[in-house]
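All remarks here apply to the structure that follows.
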Amino acid sequence: MDTVPLQRPAMKVIDCDVHPYVKGGMASVFPYMPEPWVERFKRKRAAVNSEARSLKYLHPNGTINREDARPPCGGVSGSDPNWLVQDLLEKNKIEHAVLNCLQTGSLCSTLAGTDESIVLCSAFNDFLIDQWLTVDNRLKFAMSVPTQDPQACAAEIRRIGKHSQIVAVSLPLLNILMGNRYYWPIYEAAAEMELPILVHVTGPDSIYYGPPISAGGIPDSYVERYVTLCQAGESSVNSLVFSGVFEKFPRLKVIFVEYGFLWLLPLLWRMDRTWRQLRHEVPWVKKSPVEYVHEHIRFSTQPIDEPRDPKDLDKLIEIMGYDQLCFSTDYPHWDNDMPGQSLRGLPPAQRQKIFWDNALTTFRMR
Amino acid sequence: MKEKKSIEVGSADEFTVGQFKIVDVEGRQIGITRLKTGELRAVRNHCPHKGAPVCRGTIGGTWPPCEPGEMKYERDGEVLVCPWHGFEFDLITGVELYQNEPTKLLMYPVTESDGRVLVTL
């Protein structure tokens, strides 16, 4: 089993979005949990039932994973760290890959109850630290937090956040905008540990009550839902800035992963204009929103939008500025972008920023 | 270069603190108001942003930058807010507040002499 040979980029690469899959699901993390919780989940038969999704949002081709990325020894794509290192890192000359586990994310945002999510989150984090990070030092980790209890999130960050391969805190969002003070204990702990907050769709978004929901109503298909998932990113950037989060936590950084980025340009123009007109309603916003976003927020590249004329994309990125973007593949998902084939029209020095420099200064790389 | 001239626009007691009186001076609308210090200001009734009749906006104070969860209020009577898009202007200097690249009100020299108010164009 092999992927199509890729043109290697002549530069170093950090991949900000890679999805490890805990083989065997919840049952595999039972050894990392207290016994009463193991018995509870066994009694609920949780290990087999916890990943249910509604029919209309199933992927039209049956799986969100690349079939060609399945490990040779069998199992789900992304479930074998050794194969992932070969198939993604070696083939594409990726020097750091930031792992973000969506099994944990979906449980923490929605599928598990509050107490369940706290226990599961620690167990999944510990499993990945133990069984993935030890495989290769190039594997970095965006540790998850159990968002339904912000104090527990802060405790989890302080419990494992010093691990040298942990480079970010993956925050599974609720349907509460990111500037809301609900999240502030999490930001405080992350800033204390010099870890950026990474946000990514966790799976139940726009399906269940709990996570962010698409604007205007519930989409009718996978396609419709996919296109609207960026809306929560847009609302969150707006909320973070106008709530004064970056004045409260001046060292905090946030990276929006897989929300797209071309929407940022008109959003910033709108935010800047409205701030200029009505800033006295939010006087803690001491300078233009554009400045806060450039100083504190980054966006991953995948899924890169594809104008029919690729030069249109290059032009829009030039207008946005090259300091905003961090390259990501989203391996092993169907809509992934590989480094050799991404953003090839940009000048080499600017590609270098997007594929390496920006991520290096965003994540806690030691 | 056109020579400047002073034009009488009314008696001193017509121009009071906290509001504009708008007068027509040689085809130009000019708003005249008095600051709390007693000084007068004469402002072209035309917002540099989008041409609104800026002198029909609100004269008041401003809420300066502060920390999250705080709120301050200051400079009452020294700030003009445009009625259209809310730009805030410093009535002392005419400069838009809190901007790196501010716009500026067009202001004319205005003086008092023997109870009469004169604007210099």
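Letters A, B, ... mark the chains of the structure tokens in the order given; residue numbers begin at 1 per chain; ligand numbers begin at 1, in order shown.
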Quick one: everything within 9 Å of Lys5 (chain B), counting only C-alpha atoms, minus sequence neighbours fewer than 5 positions away in the same chain. Send it as JSON, numbers by chain. {"B": [119, 120, 121]}
Dump of C-alpha atoms for the selected residues, as an mmCIF file, in the first residue's frame:
```
data_model
loop_
_atom_site.group_PDB
_atom_site.id
_atom_site.type_symbol
_atom_site.label_atom_id
_atom_site.label_comp_id
_atom_site.auth_asym_id
_atom_site.auth_seq_id
_atom_site.Cartn_x
_atom_site.Cartn_y
_atom_site.Cartn_z
ATOM 1 C CA VAL B 119 -14.784 83.444 12.313
ATOM 2 C CA THR B 120 -11.719 83.708 10.073
ATOM 3 C CA LEU B 121 -11.975 82.036 6.672
#
```
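The list of residues with at least one atom within 8 Å of Pro71 (chain A), based on only C-alpha atoms and without residues fewer than 6 positions apart in the same chain, reads Ser77, Gly78, Ser79, Asp80, Trp83 and Leu84 of chain A.
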For those residues, write C-alpha atoms to a file as a compact mmCIF listing (two decimals), in the first residue's frame.
```txt
# COMPACT_ATOMS: atom_id res chain seq x y z
CA SER A 77 -6.09 5.09 9.05
CA GLY A 78 -4.11 7.04 11.60
CA SER A 79 -4.22 4.26 14.21
CA ASP A 80 -0.60 3.10 13.95
CA TRP A 83 3.05 3.73 10.00
CA LEU A 84 2.03 7.38 10.38
```
Which of region 54-164 of chain A DSSP labels strand (DSSP E or B), written as an MDAnalysis selection string: chainID A and resid 65 94:99 139:144
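Every chain A residue lying within 6 Å of chain B, based on only C-alpha atoms, is listed here: Gly244, Gln277, His280, Pro283, Trp284 and Lys286 of chain A.
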Using only C-alpha atoms, which protein or nucleic acid residues come within 12 Å of Gly38 (chain B)? Drop anything in the same chain fewer than 6 positions from it, and give the result as a CSV table (one decimal) with C-alpha atoms, in the first residue's frame.
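Produced file selection.csv, reproduced below:
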```csv
chain,number,residue,atom,x,y,z
B,12,ALA,CA,-21.1,85.9,22.2
B,13,ASP,CA,-24.2,84.8,24.2
B,15,PHE,CA,-22.9,80.2,21.5
B,16,THR,CA,-23.2,78.0,24.5
B,17,VAL,CA,-21.5,75.0,26.1
B,18,GLY,CA,-22.5,71.5,25.0
B,77,GLY,CA,-17.8,68.2,26.8
B,78,GLU,CA,-14.6,67.9,24.9
B,92,ILE,CA,-9.8,70.8,21.5
B,111,THR,CA,-12.5,84.9,18.3
B,112,GLU,CA,-14.6,87.2,20.5
```
Can you tell me, as a ChimeraX atom specification, which residues in region 178-334 of chain A count as helix (DSSP H, G or I) by DSSP? /A:181-192,222-228,230-242,245-248,264-281,289-296,310-320
Quick one: write out the picked residues with C-alpha atoms as a PDB file, in the first residue's frame?
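Heads up, here's the output in selection03.pdb:
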```pdb
ATOM      1  CA  ARG A 181     -15.366  34.288  30.586  1.00  0.00           C
ATOM      2  CA  TYR A 182     -16.419  30.652  30.867  1.00  0.00           C
ATOM      3  CA  TYR A 183     -13.128  29.815  29.116  1.00  0.00           C
ATOM      4  CA  TRP A 184     -10.866  32.223  31.001  1.00  0.00           C
ATOM      5  CA  PRO A 185      -9.525  29.723  33.579  1.00  0.00           C
ATOM      6  CA  ILE A 186      -8.383  27.607  30.617  1.00  0.00           C
ATOM      7  CA  TYR A 187      -6.651  30.550  28.966  1.00  0.00           C
ATOM      8  CA  GLU A 188      -4.969  31.443  32.245  1.00  0.00           C
ATOM      9  CA  ALA A 189      -3.505  27.960  32.639  1.00  0.00           C
ATOM     10  CA  ALA A 190      -2.445  27.729  28.985  1.00  0.00           C
ATOM     11  CA  ALA A 191      -0.747  31.131  29.087  1.00  0.00           C
ATOM     12  CA  GLU A 192       1.007  30.130  32.306  1.00  0.00           C
ATOM     13  CA  TYR A 222     -22.399  16.388   4.884  1.00  0.00           C
ATOM     14  CA  VAL A 223     -21.585  18.811   2.070  1.00  0.00           C
ATOM     15  CA  GLU A 224     -23.691  21.636   3.473  1.00  0.00           C
ATOM     16  CA  ARG A 225     -22.336  21.113   6.952  1.00  0.00           C
ATOM     17  CA  TYR A 226     -18.723  20.980   5.769  1.00  0.00           C
ATOM     18  CA  VAL A 227     -18.994  24.323   3.997  1.00  0.00           C
ATOM     19  CA  THR A 228     -20.481  26.054   7.044  1.00  0.00           C
ATOM     20  CA  CYS A 230     -15.861  27.861   9.216  1.00  0.00           C
ATOM     21  CA  GLN A 231     -18.602  30.058  10.678  1.00  0.00           C
ATOM     22  CA  ALA A 232     -17.707  29.162  14.248  1.00  0.00           C
ATOM     23  CA  GLY A 233     -14.131  30.240  13.528  1.00  0.00           C
ATOM     24  CA  GLU A 234     -15.279  33.600  12.296  1.00  0.00           C
ATOM     25  CA  SER A 235     -17.537  34.139  15.326  1.00  0.00           C
ATOM     26  CA  SER A 236     -14.754  33.078  17.659  1.00  0.00           C
ATOM     27  CA  VAL A 237     -12.129  35.458  16.276  1.00  0.00           C
ATOM     28  CA  ASN A 238     -14.637  38.269  16.636  1.00  0.00           C
ATOM     29  CA  SER A 239     -15.541  37.242  20.179  1.00  0.00           C
ATOM     30  CA  LEU A 240     -11.942  36.803  21.361  1.00  0.00           C
ATOM     31  CA  VAL A 241     -10.972  40.288  20.256  1.00  0.00           C
ATOM     32  CA  PHE A 242     -14.002  42.253  21.404  1.00  0.00           C
ATOM     33  CA  VAL A 245      -9.190  38.255  26.025  1.00  0.00           C
ATOM     34  CA  PHE A 246      -5.824  39.397  24.666  1.00  0.00           C
ATOM     35  CA  GLU A 247      -5.699  42.332  27.069  1.00  0.00           C
ATOM     36  CA  LYS A 248      -6.514  40.000  29.957  1.00  0.00           C
ATOM     37  CA  LEU A 264     -10.436  36.440   7.626  1.00  0.00           C
ATOM     38  CA  LEU A 265      -9.813  39.293   5.234  1.00  0.00           C
ATOM     39  CA  PRO A 266     -13.384  40.693   5.043  1.00  0.00           C
ATOM     40  CA  LEU A 267     -13.892  39.850   8.731  1.00  0.00           C
ATOM     41  CA  LEU A 268     -10.926  42.005   9.741  1.00  0.00           C
ATOM     42  CA  TRP A 269     -12.082  44.868   7.556  1.00  0.00           C
ATOM     43  CA  ARG A 270     -15.517  44.678   9.158  1.00  0.00           C
ATOM     44  CA  MET A 271     -14.127  44.427  12.688  1.00  0.00           C
ATOM     45  CA  ASP A 272     -11.734  47.324  12.154  1.00  0.00           C
ATOM     46  CA  ARG A 273     -14.433  49.573  10.732  1.00  0.00           C
ATOM     47  CA  THR A 274     -16.904  48.788  13.480  1.00  0.00           C
ATOM     48  CA  TRP A 275     -14.301  49.228  16.215  1.00  0.00           C
ATOM     49  CA  ARG A 276     -13.403  52.631  14.821  1.00  0.00           C
ATOM     50  CA  GLN A 277     -17.046  53.630  14.975  1.00  0.00           C
ATOM     51  CA  LEU A 278     -18.170  52.125  18.272  1.00  0.00           C
ATOM     52  CA  ARG A 279     -15.041  51.323  20.278  1.00  0.00           C
ATOM     53  CA  HIS A 280     -16.337  53.072  23.391  1.00  0.00           C
ATOM     54  CA  GLU A 281     -18.740  50.178  23.979  1.00  0.00           C
ATOM     55  CA  PRO A 289      -8.769  44.387  16.035  1.00  0.00           C
ATOM     56  CA  VAL A 290      -6.416  43.833  13.109  1.00  0.00           C
ATOM     57  CA  GLU A 291      -3.456  44.338  15.429  1.00  0.00           C
ATOM     58  CA  TYR A 292      -4.732  41.836  18.002  1.00  0.00           C
ATOM     59  CA  VAL A 293      -5.304  39.195  15.342  1.00  0.00           C
ATOM     60  CA  HIS A 294      -1.850  39.661  13.839  1.00  0.00           C
ATOM     61  CA  GLU A 295      -0.217  39.464  17.273  1.00  0.00           C
ATOM     62  CA  HIS A 296      -2.169  36.597  18.819  1.00  0.00           C
ATOM     63  CA  PRO A 310      -4.758  29.757  -8.432  1.00  0.00           C
ATOM     64  CA  LYS A 311      -3.260  33.242  -8.733  1.00  0.00           C
ATOM     65  CA  ASP A 312      -6.397  34.618  -7.084  1.00  0.00           C
ATOM     66  CA  LEU A 313      -5.510  32.660  -3.945  1.00  0.00           C
ATOM     67  CA  ASP A 314      -1.912  33.899  -3.997  1.00  0.00           C
ATOM     68  CA  LYS A 315      -3.136  37.478  -4.309  1.00  0.00           C
ATOM     69  CA  LEU A 316      -5.538  37.176  -1.379  1.00  0.00           C
ATOM     70  CA  ILE A 317      -2.815  35.695   0.840  1.00  0.00           C
ATOM     71  CA  GLU A 318      -0.532  38.552  -0.153  1.00  0.00           C
ATOM     72  CA  ILE A 319      -3.194  41.048   0.952  1.00  0.00           C
ATOM     73  CA  MET A 320      -3.731  39.168   4.240  1.00  0.00           C
TER      74      MET A 320
END
```
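Residue nearest Pro83 (chain B) within the list B:Gly10, B:Gly57, B:Pro109, B:Gly27: B:Gly57 [criterion: smallest interatomic distance, only C-alpha atoms].
The protein and nucleic acid residues lying at most 9 Å from Lys140 (chain A) are His96, Ala97, Val98, Leu99, Leu133, Ser164, Gln165, Ile166, Val167, Ala168 and Met365 of chain A, with only C-alpha atoms considered and sequence neighbours fewer than 5 positions away removed.
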May I have the residues from that selection written out with C-alpha atoms, as a PDB file, in the first residue's frame?
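What follows is the written file out00.pdb:
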```pdb
ATOM      1  CA  HIS A  96       7.193  18.158  13.449  1.00  0.00           C
ATOM      2  CA  ALA A  97       3.611  16.897  13.325  1.00  0.00           C
ATOM      3  CA  VAL A  98       1.091  18.244  15.831  1.00  0.00           C
ATOM      4  CA  LEU A  99      -1.253  15.442  16.895  1.00  0.00           C
ATOM      5  CA  LEU A 133       4.886  10.317  21.775  1.00  0.00           C
ATOM      6  CA  SER A 164       8.342  18.374  26.279  1.00  0.00           C
ATOM      7  CA  GLN A 165       6.350  17.075  23.298  1.00  0.00           C
ATOM      8  CA  ILE A 166       3.134  18.832  24.295  1.00  0.00           C
ATOM      9  CA  VAL A 167       3.070  21.991  22.201  1.00  0.00           C
ATOM     10  CA  ALA A 168      -0.546  23.218  22.467  1.00  0.00           C
ATOM     11  CA  MET A 365       8.565  24.153  20.389  1.00  0.00           C
TER      12      MET A 365
END
```
Tell me which protein, DNA and RNA residues are within 9 Å of region 114-118 of chain A, counting only C-alpha atoms, leaving out same-chain ones fewer than 4 positions away, and put them as JSON, numbers by chain. {"A": [37, 41, 104, 107, 108, 109, 110, 122, 123, 145, 146, 147, 148, 149, 152, 153, 156]}
May I have the residues from that selection written out with C-alpha atoms, as a PDB file, in the first residue's frame?
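What landed in again-v3.pdb:
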```pdb
ATOM      1  CA  TRP A  37     -14.940   4.367  35.776  1.00  0.00           C
ATOM      2  CA  PHE A  41     -18.158   2.419  30.891  1.00  0.00           C
ATOM      3  CA  THR A 104     -11.074  12.911  22.808  1.00  0.00           C
ATOM      4  CA  LEU A 107     -16.228  13.083  23.895  1.00  0.00           C
ATOM      5  CA  CYS A 108     -15.185  16.236  25.737  1.00  0.00           C
ATOM      6  CA  SER A 109     -17.312  18.685  23.789  1.00  0.00           C
ATOM      7  CA  THR A 110     -20.467  16.657  23.518  1.00  0.00           C
ATOM      8  CA  SER A 122      -6.993  12.303  31.006  1.00  0.00           C
ATOM      9  CA  ALA A 123      -7.043   8.677  29.903  1.00  0.00           C
ATOM     10  CA  VAL A 145      -9.067  19.344  27.815  1.00  0.00           C
ATOM     11  CA  PRO A 146     -12.555  18.506  29.150  1.00  0.00           C
ATOM     12  CA  THR A 147     -14.260  21.756  28.210  1.00  0.00           C
ATOM     13  CA  GLN A 148     -17.473  21.075  30.102  1.00  0.00           C
ATOM     14  CA  ASP A 149     -15.574  21.888  33.319  1.00  0.00           C
ATOM     15  CA  ALA A 152     -10.823  20.621  35.327  1.00  0.00           C
ATOM     16  CA  CYS A 153      -9.321  21.855  32.050  1.00  0.00           C
ATOM     17  CA  GLU A 156      -5.335  18.910  33.254  1.00  0.00           C
TER      18      GLU A 156
END
```
Please list as a PyMOL selection string every residue within 12 Å of region 53-56 of chain A, counting only C-alpha atoms and excluding residues in the same chain fewer than 6 positions away. chain A and resi 62-63+106+110-111+203-208+218-225
Take the residues that were just selected and, keeping C-alpha atoms, output them as a compact mmCIF listing (two decimals), in the first residue's frame.
```txt
# COMPACT_ATOMS: atom_id res chain seq x y z
CA GLY A 62 -18.42 6.07 3.78
CA THR A 63 -15.43 7.35 5.75
CA SER A 106 -15.86 14.79 20.51
CA THR A 110 -20.47 16.66 23.52
CA LEU A 111 -20.67 12.89 23.63
CA GLY A 203 -17.07 16.11 15.02
CA PRO A 204 -20.44 16.71 16.70
CA ASP A 205 -20.45 20.36 15.53
CA SER A 206 -23.75 21.34 13.90
CA ILE A 207 -25.14 17.90 14.73
CA TYR A 208 -25.86 17.98 18.47
CA ILE A 218 -29.10 22.92 10.79
CA PRO A 219 -27.52 21.84 7.47
CA ASP A 220 -29.10 19.02 5.51
CA SER A 221 -26.09 17.04 4.33
CA TYR A 222 -22.40 16.39 4.88
CA VAL A 223 -21.58 18.81 2.07
CA GLU A 224 -23.69 21.64 3.47
CA ARG A 225 -22.34 21.11 6.95
```
Any idea what's packed within 8 Å of Leu91 (chain B), counting only C-alpha atoms, ignoring anything in its chain fewer than 5 positions away? Could you give it as a ChimeraX atom specification? /B:41,78-80
Would you save the residues of that selection, restricted to C-alpha atoms, as a short mmCIF file (atom, residue, chain, number, x, y, z; two decimals), in the first residue's frame?
```cif
data_model
loop_
_atom_site.label_atom_id
_atom_site.label_comp_id
_atom_site.auth_asym_id
_atom_site.auth_seq_id
_atom_site.Cartn_x
_atom_site.Cartn_y
_atom_site.Cartn_z
CA ARG B 41 -14.66 76.24 18.45
CA GLU B 78 -14.61 67.85 24.85
CA VAL B 79 -15.60 65.12 22.42
CA LEU B 80 -17.83 65.30 19.34
#
```
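Atom to atom, CA of Lys42 (chain A) and CA of Ala27 (chain A) stand 8.4 Å apart.
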Coordinates-based distance that separates CA of Ser170 (chain A) from CA of Leu195 (chain A) (Å, one decimal):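 Taking CA of Leu195 (chain A) as the start and CA of Ser170 (chain A) as the end point, the length is 9.8 Å.
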Rounded to one decimal place, report the CA of Ala349 (chain A)-CA of Asp323 (chain A) distance in Å. 11.6 Å
Selected residue of minimal separation from Gly60 (chain B) among B:Ser11, B:Ser6, B:Ser113, B:Gln19, counting only C-alpha atoms: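 Smallest separation from Gly60 (chain B) among the options: B:Gln19.
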